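Participant: File name structure.pdb; file contents PDB, C-alpha atoms (C1' of nucleotides); full text below.
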```pdb
ATOM      1  CA  MET F   1     -52.902 -28.793 148.307
ATOM      2  CA  LYS F   2     -53.350 -30.946 151.403
ATOM      3  CA  ILE F   3     -55.765 -29.514 153.984
ATOM      4  CA  ALA F   4     -56.312 -31.180 157.368
ATOM      5  CA  THR F   5     -58.433 -30.683 160.473
ATOM      6  CA  PHE F   6     -57.319 -31.743 163.955
ATOM      7  CA  ASN F   7     -59.042 -31.151 167.298
ATOM      8  CA  VAL F   8     -55.944 -31.190 169.523
ATOM      9  CA  ASN F   9     -57.670 -30.836 172.939
ATOM     10  CA  SER F  10     -55.006 -28.396 174.259
ATOM     11  CA  ILE F  11     -52.245 -27.200 171.933
ATOM     12  CA  LYS F  12     -49.868 -27.041 174.891
ATOM     13  CA  VAL F  13     -50.200 -30.725 175.780
ATOM     14  CA  ARG F  14     -50.433 -31.886 172.164
ATOM     15  CA  LEU F  15     -47.501 -29.911 170.720
ATOM     16  CA  PRO F  16     -45.076 -32.897 170.485
ATOM     17  CA  ILE F  17     -47.655 -35.051 168.685
ATOM     18  CA  LEU F  18     -48.654 -32.169 166.409
ATOM     19  CA  LEU F  19     -45.042 -31.341 165.481
ATOM     20  CA  GLY F  20     -44.256 -34.985 164.730
ATOM     21  CA  TRP F  21     -47.366 -35.315 162.592
ATOM     22  CA  LEU F  22     -46.615 -32.104 160.638
ATOM     23  CA  GLU F  23     -43.107 -33.342 159.901
ATOM     24  CA  ALA F  24     -44.376 -36.718 158.693
ATOM     25  CA  VAL F  25     -47.410 -35.572 156.676
ATOM     26  CA  LYS F  26     -46.420 -32.040 155.597
ATOM     27  CA  PRO F  27     -49.950 -30.688 155.064
ATOM     28  CA  ASP F  28     -50.227 -27.255 153.428
ATOM     29  CA  VAL F  29     -53.014 -26.028 155.732
ATOM     30  CA  VAL F  30     -54.089 -27.370 159.141
ATOM     31  CA  CYS F  31     -57.278 -26.334 160.922
ATOM     32  CA  LEU F  32     -56.921 -26.727 164.684
ATOM     33  CA  GLN F  33     -59.660 -26.785 167.326
ATOM     34  CA  GLU F  34     -59.747 -26.757 171.125
ATOM     35  CA  ILE F  35     -56.347 -25.132 171.426
ATOM     36  CA  LYS F  36     -57.522 -23.983 174.896
ATOM     37  CA  CYS F  37     -55.236 -20.971 175.147
ATOM     38  CA  LEU F  38     -55.103 -17.245 174.468
ATOM     39  CA  ALA F  39     -53.555 -16.188 171.164
ATOM     40  CA  ALA F  40     -50.617 -14.729 173.113
ATOM     41  CA  ASP F  41     -49.867 -18.175 174.584
ATOM     42  CA  PHE F  42     -50.019 -20.048 171.257
ATOM     43  CA  PRO F  43     -46.678 -21.834 170.509
ATOM     44  CA  ALA F  44     -46.108 -19.886 167.283
ATOM     45  CA  LEU F  45     -42.303 -20.041 167.488
ATOM     46  CA  GLU F  46     -42.160 -23.827 167.711
ATOM     47  CA  LEU F  47     -44.466 -24.099 164.694
ATOM     48  CA  LYS F  48     -42.482 -21.464 162.789
ATOM     49  CA  GLY F  49     -39.476 -23.722 163.346
ATOM     50  CA  LEU F  50     -41.216 -26.315 161.162
ATOM     51  CA  GLY F  51     -42.147 -23.695 158.582
ATOM     52  CA  TYR F  52     -45.767 -23.071 159.595
ATOM     53  CA  HIS F  53     -47.432 -19.698 159.950
ATOM     54  CA  ALA F  54     -50.288 -19.434 162.462
ATOM     55  CA  GLU F  55     -53.488 -17.398 162.695
ATOM     56  CA  VAL F  56     -55.274 -17.791 166.011
ATOM     57  CA  VAL F  57     -58.606 -17.071 167.669
ATOM     58  CA  GLY F  58     -57.784 -17.846 171.281
ATOM     59  CA  GLN F  59     -59.684 -18.268 174.530
ATOM     60  CA  LYS F  60     -58.519 -19.223 177.980
ATOM     61  CA  THR F  61     -59.355 -22.779 179.155
ATOM     62  CA  TYR F  62     -62.003 -23.581 176.522
ATOM     63  CA  ASN F  63     -62.431 -23.655 172.735
ATOM     64  CA  GLY F  64     -59.947 -21.774 170.549
ATOM     65  CA  VAL F  65     -59.255 -22.360 166.830
ATOM     66  CA  ALA F  66     -56.281 -21.741 164.556
ATOM     67  CA  LEU F  67     -55.052 -22.014 160.976
ATOM     68  CA  LEU F  68     -51.529 -23.302 160.331
ATOM     69  CA  SER F  69     -50.080 -22.941 156.853
ATOM     70  CA  ARG F  70     -46.855 -23.187 154.877
ATOM     71  CA  GLU F  71     -47.683 -19.938 153.086
ATOM     72  CA  PRO F  72     -49.039 -17.015 155.128
ATOM     73  CA  ALA F  73     -52.820 -16.679 155.159
ATOM     74  CA  ARG F  74     -54.453 -13.781 153.322
ATOM     75  CA  ASP F  75     -57.668 -11.949 154.251
ATOM     76  CA  VAL F  76     -58.058 -13.552 157.680
ATOM     77  CA  THR F  77     -61.417 -13.052 159.398
ATOM     78  CA  LYS F  78     -62.030 -14.040 163.005
ATOM     79  CA  GLY F  79     -65.374 -15.098 164.421
ATOM     80  CA  LEU F  80     -68.641 -16.253 162.845
ATOM     81  CA  ALA F  81     -71.095 -13.545 161.799
ATOM     82  CA  GLY F  82     -74.634 -13.413 163.137
ATOM     83  CA  ASP F  83     -74.222 -12.816 166.886
ATOM     84  CA  ALA F  84     -72.062  -9.888 167.948
ATOM     85  CA  GLY F  85     -72.435 -10.947 171.601
ATOM     86  CA  ASP F  86     -70.914 -14.413 171.086
ATOM     87  CA  GLU F  87     -67.630 -14.504 173.029
ATOM     88  CA  GLN F  88     -66.687 -18.106 172.261
ATOM     89  CA  ALA F  89     -63.592 -18.694 170.094
ATOM     90  CA  ARG F  90     -64.902 -21.113 167.508
ATOM     91  CA  TYR F  91     -64.320 -19.770 163.981
ATOM     92  CA  ILE F  92     -61.570 -18.399 161.750
ATOM     93  CA  GLU F  93     -61.228 -18.049 157.965
ATOM     94  CA  GLY F  94     -58.248 -17.399 155.708
ATOM     95  CA  THR F  95     -57.259 -17.719 152.056
ATOM     96  CA  PHE F  96     -54.414 -19.954 150.852
ATOM     97  CA  GLY F  97     -53.588 -19.803 147.169
ATOM     98  CA  ASP F  98     -57.057 -19.506 145.617
ATOM     99  CA  ILE F  99     -58.798 -21.538 148.342
ATOM    100  CA  ARG F 100     -60.767 -20.066 151.245
ATOM    101  CA  VAL F 101     -60.471 -22.254 154.374
ATOM    102  CA  ALA F 102     -62.364 -22.101 157.689
ATOM    103  CA  SER F 103     -61.387 -23.804 160.935
ATOM    104  CA  LEU F 104     -64.528 -24.282 163.011
ATOM    105  CA  TYR F 105     -65.410 -25.756 166.378
ATOM    106  CA  LEU F 106     -69.146 -26.278 166.446
ATOM    107  CA  PRO F 107     -70.697 -26.281 169.944
ATOM    108  CA  ASN F 108     -71.108 -29.713 171.524
ATOM    109  CA  GLY F 109     -74.646 -28.960 172.734
ATOM    110  CA  ASN F 110     -74.901 -31.444 175.594
ATOM    111  CA  PRO F 111     -77.048 -31.915 177.483
ATOM    112  CA  ILE F 112     -80.058 -31.624 175.164
ATOM    113  CA  GLY F 113     -83.004 -29.646 176.512
ATOM    114  CA  THR F 114     -80.711 -26.900 177.823
ATOM    115  CA  GLU F 115     -79.471 -23.546 176.553
ATOM    116  CA  LYS F 116     -76.331 -25.388 175.374
ATOM    117  CA  PHE F 117     -78.316 -27.292 172.780
ATOM    118  CA  THR F 118     -80.175 -24.131 171.772
ATOM    119  CA  TYR F 119     -76.810 -22.402 171.298
ATOM    120  CA  LYS F 120     -75.586 -25.289 169.137
ATOM    121  CA  LEU F 121     -78.589 -25.083 166.808
ATOM    122  CA  ALA F 122     -78.358 -21.285 166.609
ATOM    123  CA  TRP F 123     -74.640 -21.572 165.796
ATOM    124  CA  MET F 124     -75.455 -24.056 163.016
ATOM    125  CA  ALA F 125     -77.971 -21.586 161.563
ATOM    126  CA  ARG F 126     -75.249 -18.904 161.564
ATOM    127  CA  LEU F 127     -72.852 -21.327 159.839
ATOM    128  CA  LYS F 128     -75.491 -22.030 157.193
ATOM    129  CA  ALA F 129     -75.879 -18.293 156.546
ATOM    130  CA  ARG F 130     -72.111 -17.860 156.254
ATOM    131  CA  THR F 131     -71.941 -20.852 153.890
ATOM    132  CA  ALA F 132     -74.640 -19.356 151.661
ATOM    133  CA  ALA F 133     -72.655 -16.102 151.482
ATOM    134  CA  LEU F 134     -69.479 -17.997 150.528
ATOM    135  CA  LEU F 135     -71.322 -20.061 147.919
ATOM    136  CA  ALA F 136     -72.564 -16.856 146.291
ATOM    137  CA  GLN F 137     -68.912 -16.019 145.580
ATOM    138  CA  GLU F 138     -68.565 -19.216 143.488
ATOM    139  CA  ILE F 139     -65.048 -19.879 144.797
ATOM    140  CA  PRO F 140     -63.292 -23.018 146.021
ATOM    141  CA  PHE F 141     -63.636 -23.230 149.819
ATOM    142  CA  VAL F 142     -63.286 -25.812 152.572
ATOM    143  CA  LEU F 143     -65.126 -25.663 155.909
ATOM    144  CA  ALA F 144     -63.085 -27.936 158.162
ATOM    145  CA  GLY F 145     -63.393 -28.733 161.807
ATOM    146  CA  ASP F 146     -65.029 -30.476 164.719
ATOM    147  CA  TYR F 147     -68.726 -30.266 163.815
ATOM    148  CA  ASN F 148     -69.856 -32.179 166.899
ATOM    149  CA  VAL F 149     -72.390 -33.826 164.588
ATOM    150  CA  CYS F 150     -72.371 -37.507 163.778
ATOM    151  CA  PRO F 151     -74.183 -37.385 160.402
ATOM    152  CA  THR F 152     -75.815 -40.855 160.427
ATOM    153  CA  ASP F 153     -76.060 -43.977 162.577
ATOM    154  CA  ALA F 154     -73.299 -45.465 160.372
ATOM    155  CA  ASP F 155     -70.966 -42.844 161.900
ATOM    156  CA  VAL F 156     -71.340 -43.995 165.514
ATOM    157  CA  PHE F 157     -70.345 -47.293 167.119
ATOM    158  CA  ASN F 158     -73.581 -47.738 169.075
ATOM    159  CA  PRO F 159     -76.482 -45.519 167.990
ATOM    160  CA  ALA F 160     -78.708 -46.626 170.881
ATOM    161  CA  LEU F 161     -76.157 -45.367 173.396
ATOM    162  CA  PHE F 162     -76.249 -41.915 171.750
ATOM    163  CA  ARG F 163     -80.011 -41.609 171.322
ATOM    164  CA  ASP F 164     -80.147 -38.694 173.784
ATOM    165  CA  ASP F 165     -76.775 -37.188 172.863
ATOM    166  CA  ALA F 166     -76.614 -33.774 171.179
ATOM    167  CA  LEU F 167     -74.162 -35.144 168.575
ATOM    168  CA  CYS F 168     -76.733 -37.602 167.196
ATOM    169  CA  GLN F 169     -80.000 -35.682 167.671
ATOM    170  CA  PRO F 170     -82.349 -35.621 164.679
ATOM    171  CA  GLU F 171     -82.324 -31.807 164.808
ATOM    172  CA  SER F 172     -78.492 -31.677 164.772
ATOM    173  CA  ARG F 173     -78.458 -34.078 161.823
ATOM    174  CA  ARG F 174     -81.196 -32.143 160.027
ATOM    175  CA  GLN F 175     -79.203 -28.939 160.235
ATOM    176  CA  PHE F 176     -76.039 -30.732 159.118
ATOM    177  CA  ARG F 177     -77.905 -32.102 156.087
ATOM    178  CA  ALA F 178     -79.340 -28.652 155.386
ATOM    179  CA  LEU F 179     -75.752 -27.396 155.215
ATOM    180  CA  LEU F 180     -74.796 -30.182 152.777
ATOM    181  CA  ASN F 181     -77.948 -29.558 150.768
ATOM    182  CA  LEU F 182     -76.790 -26.025 150.023
ATOM    183  CA  GLY F 183     -74.283 -27.771 147.768
ATOM    184  CA  LEU F 184     -71.375 -28.898 149.962
ATOM    185  CA  THR F 185     -69.522 -32.218 149.691
ATOM    186  CA  ASP F 186     -68.324 -34.308 152.648
ATOM    187  CA  ALA F 187     -64.803 -35.018 151.334
ATOM    188  CA  PHE F 188     -64.311 -38.221 153.334
ATOM    189  CA  ARG F 189     -67.500 -39.865 152.038
ATOM    190  CA  VAL F 190     -66.493 -39.352 148.389
ATOM    191  CA  PHE F 191     -63.818 -42.017 148.833
ATOM    192  CA  HIS F 192     -65.112 -44.094 151.770
ATOM    193  CA  GLN F 193     -68.669 -45.423 151.957
ATOM    194  CA  GLU F 194     -68.049 -48.105 154.556
ATOM    195  CA  PRO F 195     -69.726 -47.629 157.953
ATOM    196  CA  HIS F 196     -67.899 -47.287 161.266
ATOM    197  CA  ARG F 197     -65.014 -45.040 160.342
ATOM    198  CA  TYR F 198     -64.322 -42.656 163.201
ATOM    199  CA  SER F 199     -62.414 -39.448 163.960
ATOM    200  CA  PHE F 200     -63.064 -39.348 167.742
ATOM    201  CA  TRP F 201     -62.814 -41.943 170.488
ATOM    202  CA  ASP F 202     -63.693 -41.035 174.092
ATOM    203  CA  TYR F 203     -60.864 -41.334 176.587
ATOM    204  CA  GLN F 204     -63.101 -43.420 178.856
ATOM    205  CA  GLN F 205     -64.056 -47.085 178.861
ATOM    206  CA  GLY F 206     -61.371 -48.237 176.429
ATOM    207  CA  ARG F 207     -63.135 -46.710 173.454
ATOM    208  CA  TRP F 208     -59.937 -46.360 171.393
ATOM    209  CA  TYR F 209     -58.762 -49.886 172.187
ATOM    210  CA  ARG F 210     -62.164 -51.269 171.136
ATOM    211  CA  ASP F 211     -62.503 -48.923 168.127
ATOM    212  CA  GLU F 212     -65.746 -47.541 169.538
ATOM    213  CA  GLY F 213     -65.858 -43.996 168.180
ATOM    214  CA  LEU F 214     -67.762 -41.361 166.252
ATOM    215  CA  ARG F 215     -67.136 -39.515 162.986
ATOM    216  CA  ILE F 216     -67.647 -35.864 163.909
ATOM    217  CA  ASP F 217     -64.661 -34.108 162.267
ATOM    218  CA  HIS F 218     -65.472 -33.143 158.695
ATOM    219  CA  LEU F 219     -64.164 -31.273 155.654
ATOM    220  CA  LEU F 220     -67.082 -29.810 153.678
ATOM    221  CA  LEU F 221     -66.217 -28.563 150.187
ATOM    222  CA  SER F 222     -67.819 -26.024 147.881
ATOM    223  CA  PRO F 223     -68.572 -27.255 144.327
ATOM    224  CA  GLN F 224     -65.470 -25.469 143.013
ATOM    225  CA  ALA F 225     -63.324 -27.256 145.633
ATOM    226  CA  ALA F 226     -65.066 -30.626 145.195
ATOM    227  CA  ASP F 227     -64.273 -30.495 141.464
ATOM    228  CA  ARG F 228     -60.590 -30.536 142.431
ATOM    229  CA  LEU F 229     -60.805 -33.250 145.115
ATOM    230  CA  LEU F 230     -58.108 -35.907 144.671
ATOM    231  CA  ALA F 231     -58.198 -37.826 147.968
ATOM    232  CA  ALA F 232     -59.453 -37.722 151.550
ATOM    233  CA  ASP F 233     -59.044 -39.892 154.618
ATOM    234  CA  ILE F 234     -58.846 -40.152 158.381
ATOM    235  CA  ASP F 235     -55.311 -40.543 159.766
ATOM    236  CA  LYS F 236     -55.642 -42.698 162.865
ATOM    237  CA  SER F 237     -51.950 -42.770 163.769
ATOM    238  CA  PRO F 238     -51.825 -39.741 166.126
ATOM    239  CA  ARG F 239     -54.699 -41.180 168.212
ATOM    240  CA  GLY F 240     -52.615 -44.234 169.133
ATOM    241  CA  LYS F 241     -49.730 -42.281 170.620
ATOM    242  CA  ASP F 242     -49.025 -41.564 174.294
ATOM    243  CA  LYS F 243     -50.767 -38.392 175.492
ATOM    244  CA  ALA F 244     -53.032 -38.427 172.416
ATOM    245  CA  SER F 245     -55.975 -36.125 171.764
ATOM    246  CA  ASP F 246     -59.361 -37.854 171.814
ATOM    247  CA  HIS F 247     -59.665 -36.782 168.124
ATOM    248  CA  THR F 248     -57.435 -37.670 165.165
ATOM    249  CA  PRO F 249     -56.730 -35.694 161.971
ATOM    250  CA  VAL F 250     -58.953 -35.845 158.879
ATOM    251  CA  TRP F 251     -57.546 -34.514 155.594
ATOM    252  CA  CYS F 252     -58.268 -33.934 151.925
ATOM    253  CA  GLU F 253     -56.097 -33.141 148.920
ATOM    254  CA  LEU F 254     -57.150 -30.695 146.202
ATOM    255  CA  ARG F 255     -55.629 -30.403 142.762
ATOM    256  CA  ALA F 256     -53.758 -27.156 142.128
ATOM    257  CA  SER F 257     -55.699 -24.563 140.155
ATOM    258  CA  ALA F 258     -55.352 -24.725 136.389
TER     259      ALA F 258
ATOM    260  C1'  DA R   1     -76.026 -48.730 189.429
ATOM    261  C1'  DT R   2     -72.409 -45.935 188.569
ATOM    262  C1'  DG R   3     -68.200 -44.368 187.070
ATOM    263  C1'  DG R   4     -64.984 -44.423 184.061
ATOM    264  C1'  DT R   5     -60.526 -40.172 181.418
ATOM    265  C1'  DA R   6     -58.418 -35.814 180.187
ATOM    266  C1'  DG R   7     -57.357 -30.841 180.458
ATOM    267  C1'  DC R   8     -58.190 -26.712 182.412
ATOM    268  C1'  DC R   9     -57.505 -24.814 187.137
ATOM    269  C1'  DT R  10     -62.584 -23.389 188.995
ATOM    270  C1'  DT R  11     -61.568 -28.565 194.215
ATOM    271  C1'  DG R  12     -66.143 -27.865 189.239
ATOM    272  C1'  DC R  13     -66.751 -27.346 184.202
ATOM    273  C1'  DT R  14     -66.487 -29.050 179.602
ATOM    274  C1'  DA R  15     -66.070 -32.712 176.676
TER     275       DA R  15
END
```
Reformat the file's structure so that it appears as structure tokens.
Facilitator:
Amino acid sequence: MKIATFNVNSIKVRLPILLGWLEAVKPDVVCLQEIKCLAADFPALELKGLGYHAEVVGQKTYNGVALLSREPARDVTKGLAGDAGDEQARYIEGTFGDIRVASLYLPNGNPIGTEKFTYKLAWMARLKARTAALLAQEIPFVLAGDYNVCPTDADVFNPALFRDDALCQPESRRQFRALLNLGLTDAFRVFHQEPHRYSFWDYQQGRWYRDEGLRIDHLLLSPQAADRLLAADIDKSPRGKDKASDHTPVWCELRASA
DNA sequence: ATGGTAGCCTTGCTA
């Protein structure tokens, strides 16, 4: 089973690139972020035309996550537990075969020293609590999405430039490590230890052209999923197209259950 | 020293 995550930065604008990529790669499950539309405005028909079902947590203008899948999702839950007053569309879970999958869009948190950074850290604490609850079930699961956390200085083109950025803050990295230390595996790093592999390149200042990016899109696997991990990589090809997102897909492949 | 880009639509906000 091939599972991918892709921050599309507007599903409306990115639909041609997304459709082309789905046709070429044929992933079984795709976790989307920053769809930037209400669920009612999601292009479900176009995706159905390629054989993909969609489950959507929408929001106008900002955020928004979705799960695309060849087989319909089961037991879909929308939103991240822990703050009933949180209106932001950043989390959805569904089950595909025997694998639980979440599409998440972790808050950016910039600028630091503001309520935005506080919200980011609080959201990470909620994600840790949800992860602990999932781990207690001892099932294969994949938490995939835009974490807005660059785990180490090897995951950013110029650490000094990001010293005061929320994506590279020690506290953001600490909470990301705390999540991993519960027992999750960063699928990409199982197969690729080399530094300077990125999933995001800013639109400004020729960052894509110069390969000056950050690795902030991750697939974190439970032990039962990691035991079935066959491959994982970043697919840079969509980022090079006209009208590209500033992110590119990251994927992993899991062996079918015995 | 500052602005640079993109997407939304609010002529500013978020990233």
Participant: At a cut-off of 10 Å, using all atoms listed in the file, what residues contact DT14 (chain R)? Leave out same-chain residues fewer than 4 positions from it and give the result as a PyMOL selection string.
Facilitator: (chain F and resi 61-63+108+110) or (chain R and resi 7-8)
Participant: Give, as JSON, the centre coordinates and the x, y and z edge lengths in Å to one decimal for an axis-aligned box around all listed atoms of region 1-7 of chain R, padded by 6 Å on each side.
Facilitator:
```
{"center_x": -66.7, "center_y": -39.8, "center_z": 184.8, "size_x": 30.7, "size_y": 29.9, "size_z": 21.2}
```
Participant: May I ask you to extract the residues of chain F within 6 Å of chain R, using only C-alpha atoms (C1' of nucleotides), and to give them as a PyMOL selection string?
Facilitator: chain F and resi 61+203-205
Participant: Have a look at CA of Gly58 (chain F) and CA of Leu32 (chain F) and let me know their distance in Å, one decimal.
Facilitator: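 CA of Gly58 (chain F) sits 11.1 Å away from CA of Leu32 (chain F).
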Participant: Write out as a PDB file with C-alpha atoms, in the coordinates of the input which residues come within 8 Å of Ser199 (chain F) when counting only C-alpha atoms (C1' of nucleotides), dropping same-chain ones fewer than 3 positions away.
Facilitator:
```
ATOM      1  CA  GLY F 213     -65.858 -43.996 168.180  1.00  0.00           C
ATOM      2  CA  LEU F 214     -67.762 -41.361 166.252  1.00  0.00           C
ATOM      3  CA  ARG F 215     -67.136 -39.515 162.986  1.00  0.00           C
ATOM      4  CA  ILE F 216     -67.647 -35.864 163.909  1.00  0.00           C
ATOM      5  CA  ASP F 217     -64.661 -34.108 162.267  1.00  0.00           C
ATOM      6  CA  ILE F 234     -58.846 -40.152 158.381  1.00  0.00           C
ATOM      7  CA  LYS F 236     -55.642 -42.698 162.865  1.00  0.00           C
ATOM      8  CA  HIS F 247     -59.665 -36.782 168.124  1.00  0.00           C
ATOM      9  CA  THR F 248     -57.435 -37.670 165.165  1.00  0.00           C
ATOM     10  CA  PRO F 249     -56.730 -35.694 161.971  1.00  0.00           C
ATOM     11  CA  VAL F 250     -58.953 -35.845 158.879  1.00  0.00           C
TER      12      VAL F 250
END
```
Participant: If the PyMOL selection byres ((chain F and resi 52) around 12) is run on the structure shown, which residues does it catch, given as a ChimeraX atom specification?
Facilitator: /F:18-19,22-23,26-30,43-51,53-55,66-73
Participant: Find the residues around Val65 (chain F) up to 9 Å (only C-alpha atoms (C1' of nucleotides) counted), leave out those fewer than 4 positions away in its own chain, and share them as a ChimeraX atom specification.
Facilitator: /F:7,31-36,55-59,89-92,103-105
Participant: Give me, please, the distance in Å between CA of Leu230 (chain F) and CA of Phe188 (chain F), quoted to one decimal.
Facilitator: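 Distance between the two atoms: 10.9 Å.
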Participant: Taking into account only C-alpha atoms, which residue in the set F:Leu106, F:Ala129, F:Leu38, F:Leu121 is nearest to Ser10 (chain F)?
Facilitator: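 Distance minimum relative to Ser10 (chain F) lands on F:Leu38.
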Participant: So how many Å separate CA of Val156 (chain F) and CA of Arg197 (chain F), to one decimal?
Facilitator: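 Answer for the CA of Val156 (chain F) to CA of Arg197 (chain F) separation: 8.2 Å.
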Participant: Pick the closest to Val142 (chain F) from F:Ala231, F:Ile3, F:Met124, F:Ile17: which is it, counting only C-alpha atoms?
Facilitator: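 That would be F:Ile3, the residue with the smallest distance to Val142 (chain F).
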Participant: Name the closest residue to Phe6 (chain F) among the candidates F:Gln169, F:Thr77, F:Ser245, F:Gln193; distances are taken between atoms, counting only C-alpha atoms.
Facilitator: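 Comparing F:Gln169, F:Thr77, F:Ser245, F:Gln193 against Phe6 (chain F), the winner is F:Ser245.
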Participant: What do you get, as a PDB file with C-alpha atoms, keeping the file's coordinate frame, if you spell out every residue that the PyMOL selection byres ((chain F and resi 149) around 8) selects here?
Facilitator:
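What landed in part.pdb:
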```pdb
ATOM      1  CA  TYR F 147     -68.726 -30.266 163.815  1.00  0.00           C
ATOM      2  CA  ASN F 148     -69.856 -32.179 166.899  1.00  0.00           C
ATOM      3  CA  CYS F 150     -72.371 -37.507 163.778  1.00  0.00           C
ATOM      4  CA  PRO F 151     -74.183 -37.385 160.402  1.00  0.00           C
ATOM      5  CA  ALA F 166     -76.614 -33.774 171.179  1.00  0.00           C
ATOM      6  CA  LEU F 167     -74.162 -35.144 168.575  1.00  0.00           C
ATOM      7  CA  CYS F 168     -76.733 -37.602 167.196  1.00  0.00           C
ATOM      8  CA  SER F 172     -78.492 -31.677 164.772  1.00  0.00           C
ATOM      9  CA  ARG F 173     -78.458 -34.078 161.823  1.00  0.00           C
ATOM     10  CA  PHE F 176     -76.039 -30.732 159.118  1.00  0.00           C
ATOM     11  CA  ARG F 215     -67.136 -39.515 162.986  1.00  0.00           C
ATOM     12  CA  ILE F 216     -67.647 -35.864 163.909  1.00  0.00           C
TER      13      ILE F 216
END
```
Participant: Complete region 123-139 of chain F at the level of N, CA and C atoms, written as a compact mmCIF listing (two decimals), in the coordinates of the input.
Facilitator:
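After the write, result_9.txt holds the following:
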```txt
# COMPACT_ATOMS: atom_id res chain seq x y z
N TRP F 123 -75.98 -21.69 166.41
CA TRP F 123 -74.64 -21.57 165.80
C TRP F 123 -74.66 -22.24 164.42
N MET F 124 -75.35 -23.36 164.31
CA MET F 124 -75.46 -24.06 163.02
C MET F 124 -76.22 -23.20 162.00
N ALA F 125 -77.22 -22.48 162.47
CA ALA F 125 -77.97 -21.59 161.56
C ALA F 125 -77.06 -20.46 161.07
N ARG F 126 -76.20 -19.94 161.97
CA ARG F 126 -75.25 -18.90 161.56
C ARG F 126 -74.25 -19.47 160.55
N LEU F 127 -73.80 -20.71 160.77
CA LEU F 127 -72.85 -21.33 159.84
C LEU F 127 -73.50 -21.52 158.46
N LYS F 128 -74.78 -21.87 158.46
CA LYS F 128 -75.49 -22.03 157.19
C LYS F 128 -75.55 -20.70 156.45
N ALA F 129 -75.82 -19.62 157.18
CA ALA F 129 -75.88 -18.29 156.55
C ALA F 129 -74.51 -17.91 155.98
N ARG F 130 -73.46 -18.17 156.74
CA ARG F 130 -72.11 -17.86 156.25
C ARG F 130 -71.78 -18.69 155.00
N THR F 131 -72.18 -19.96 155.03
CA THR F 131 -71.94 -20.85 153.89
C THR F 131 -72.65 -20.33 152.64
N ALA F 132 -73.89 -19.89 152.80
CA ALA F 132 -74.64 -19.36 151.66
C ALA F 132 -73.92 -18.14 151.08
N ALA F 133 -73.38 -17.29 151.95
CA ALA F 133 -72.66 -16.10 151.48
C ALA F 133 -71.39 -16.50 150.72
N LEU F 134 -70.68 -17.52 151.23
CA LEU F 134 -69.48 -18.00 150.53
C LEU F 134 -69.83 -18.64 149.19
N LEU F 135 -70.91 -19.41 149.16
CA LEU F 135 -71.32 -20.06 147.92
C LEU F 135 -71.65 -19.04 146.84
N ALA F 136 -72.20 -17.90 147.26
CA ALA F 136 -72.56 -16.86 146.29
C ALA F 136 -71.33 -16.32 145.58
N GLN F 137 -70.15 -16.49 146.20
CA GLN F 137 -68.91 -16.02 145.58
C GLN F 137 -68.40 -16.98 144.51
N GLU F 138 -68.96 -18.20 144.49
CA GLU F 138 -68.56 -19.22 143.49
C GLU F 138 -67.05 -19.44 143.46
N ILE F 139 -66.49 -19.64 144.66
CA ILE F 139 -65.05 -19.88 144.80
C ILE F 139 -64.81 -21.25 145.43
```
